[in-house]
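Taking it in order: structure first as structure tokens, then the write-up.
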Amino acid sequence: MIKYSLLFICNFIFVVVLSQSQASIVLQTKNTHLVLTVGNNHRLYQSYLGARLTSPGDLEKLSGGREVYLTGGMENQFEPAIRMVHADGNPSLELEYASHTTEQKENVSYINIILKDPVYPVKVQLQYRGYFNEDVITCNATIQHHEKKPVRLTQYASSLLHFNAGTYWLTQFHGDWAREANMVDEQLTNGIKNIESKLGTRTNFYQTPAFFLSLDKPATETSGELIAGTLGWTGNFQFTFEIDQRNQLRLRSGINPFASDYTLNPGELFTTPEFIFTYSNQGKGQASRNLHRWARNYAVLDGKSPRLTLLNNWEATYFNFNETKLIELFDGAKQLGVDLFLLDDGWFGNTFPRDSDKAGLGDWQENKSKLPNGIGRLVAEATKRGIKFGIWLEPEMVNPKSDLYQQHPDWILRLPNRAVHLARNQLVLDLTNPKVQDFVFSIVDGLLTKNLGVAFIKWDCNRSMTNAYSAYLKEKQSHLFIEYTRCLYKVLDRIRARYPHLPIMLCSGGGGRTDYGALKYFTEFWPSDNTDGLERIFIQWGYSYFFPANTMAAHITSMGKGQSLKFRTDVAMAGKLGYDIRVNEFTPQELQFSQEAVTTYKRINDVIWQGDLYRIISPYEENRAVTMYVNDKKSKAILFNYILNVRRKDIFTRVQLQGLDAQKKYRFKEINLFPGTKANNPDNDKVFTGDYLMTVGLNLTPGKVLSLTSNVYEITEE
Ligand code: GLA
């Protein structure tokens, strides 16, 4: 006889179904069920993952499936979730269900499942978290043993998920410096496809650690069944998609085990990072909105708080500045009306002045000839002008031409008996060494203690790991990639313990670090050094699938041939707007436009930062891009319409808006117009029902369509 108990807590339900032969463990979010069952052989199976089943009776019927945390070395012939070589040399593991606990804390449900090897003293705890309202599930594992000697782990996934579909479609986001997050769709075929990084630092240089897996057909923005997945880990990652001879797909996610066998001591815990995913049967748009909400509520530092608009000096000056020049730039920030001035690279180094990227990195003292009165003076001058002051750091790195390198040549990752391999003339510090951790912490802490007014940091990381070897780790070289990331988190934990809310931008030679493991410490990230408006439409489009607009720094610079300031501004407004430009070179009209744009942005940015994103027309499909942000109450929306490089063949049809309330009435009004220009849309400033806007739609391109033009519309409930 089957016995089951239902536990109702607030709106949430845990269902624990118990029978003589099997127990079910059910994780439920608003629209999703993940059902695991224990078989007669005591192993744990994934019996269901998909749309929420509405009747508890249906849940009881689920059984069997495929093994949740498949082990290596026994009868399994496919990619395992875990592979271990025991102290006695036995290279196999068997995991049986031992027990589980469930807990509900408001919106989040927690399930911990203990699996044990019946022969060896090895325990694996699988941890699931369900974010009910956001429809997001995270999972990871903690591995532990009590053998007499260490065991060797050669695979240690965060999760393994199983799918049964006719066809499988993968969407990935790859790139390089200045061309990040290109979206590519492909059908998966039998065999293995990996999306991964082996770069250590600057780990997402070539690959964003995120994907869509669509089932049966490629999902669109508004239709199709898929999961969107990403890993919260600022290091080497791997997503393995394996289709077997029966067309079943296994999706393994976790740290990339490449060159990273891990020797686990008795009693030591090995905790994997979280695999984060959402299931949607309404296409990619819904999946993005789920992740954005989860990110703002739980994953990004201060995800619900306002961000600072800023003027950065990198593109405006590069390394060539001094105190006077910077203070002049402060005036530009004040004129624009932004909140903060961000001083970029080049402000430090004395024995080896940082006048180019060839020297000085590691010597974080103000350069006396550029800044004779130190950062303190800059903070004071900024404060006088009513703006805040922020500063660039690249604390994990060093130039050989630096005092730091000369004093601590052993603090560097470098191979013995081999030449050092420089990238951007620099080397990676050995963060696994506690002395290096103390140094990095002391740089940040010292700067903030000495200059109390520093209100923002840009934390850069301009190279990946090559020829990597840690003098500190000695014989444990295969721990290097993992330990580096763990130690980075240790340092960031210390910084956040002392400075819990200081806004810090995550940057890595453009978008080389874009993951939710890091974003719990950072308020935003720098998607790319490419700030050309046209290119940014695509780059921001790619990242927008996984990261909300308030995390995506988007600066207006002088990049972008043939693009008006208005076009570049409209593109930056769809993210976290900033400037990196010489304001004193603006024409009076450009200055007026930019001042008004900042004011407008400050008025509407809550909708962009906190609203739901609807990608309506893709630049991958047409020579235009249309996106829309809608606030929670559906009382306000901001629509961005970008025209790319138009060709004669292009026909731009009416655009049906999304995400509004059909019953409400809305005024449709163009904003952010350049001085002296008027809205040319006959529908401008008219009132429509939400139903009309979403069913009939509007013509967003009346009249002659010009390349590289754009409009921003504010849609407000009447
Ligand atoms: C990296 C960053 C840039 C800038 C430079 C400074 O390339 O992505 O924004 O800060 O470093 O050297």
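By order of appearance in the structure tokens: chains A, B, ..., then residues from 1 within every chain, and ligands from 1 in the order shown.
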List all protein, DNA and RNA residues that have at least one atom no more than 9 Å from any atom of ligand 1, counting only C-alpha atoms and all ligand atoms, and write them as a PyMOL selection string. chain A and resi 177+314-315+318-319+344-346+356-357+392-394+458-462+507-512+526-530
So which residues touch A:Ser558 within 12 Å, counting only C-alpha atoms, skipping near sequence neighbours fewer than 4 positions away, as a PyMOL selection string? chain A and resi 313-317+530-533+562-569+579-583+585-586
Which residues come within 12 Å of stretch 184-195 of chain A, counting only C-alpha atoms, excluding same-chain residues fewer than 2 positions away, as a PyMOL selection string? chain A and resi 78-79+165-175+181-182+197-198+204+206-220+229-231+236-256+542+620
Considering only C-alpha atoms, can you say which of A:Phe522, A:Phe258, A:Tyr629, A:Tyr489 comes closest to A:Glu196?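 So, comparing all the options, the nearest one is A:Phe258.
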Which polymer residues have any atom within 10 Å of an atom of stretch 106-113 of chain A, counting only C-alpha atoms, with same-chain residues fewer than 5 positions away left out, as a ChimeraX atom specification? /A:9-14,25-29,44,97-101,124-134,136-141
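If only C-alpha atoms are the atoms counted, then among A:Thr71, A:Ser594, A:Gln365, A:Thr466 the closest residue to A:Gly446 is A:Gln365.
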Quick one: residues within 12 Å of A:Asn90, only C-alpha atoms counted, chain neighbours fewer than 2 positions away excluded, as an MDAnalysis selection string? chainID A and resid 72:74 83:88 92:94 119:120 151:153
Pull the strand (DSSP E) assignments for stretch 117-358 of chain A out of DSSP run on the backbone, and list those residues as a ChimeraX atom specification. /A:122-131,136-145,151-164,168-174,182-187,191-196,207-215,225-231,237-243,248-255,262-264,270-271,275-280,310-312,340-343
Between atom CA of A:Ile387 and atom CA of A:Lys334, what distance in Å does the model show, to one decimal?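 Those two atoms sit 6.7 Å apart.
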Restricting the calculation to only C-alpha atoms: of A:Thr102, A:Trp294, A:Lys368, A:Ala518, which residue gets closest to A:Thr203? A:Ala518
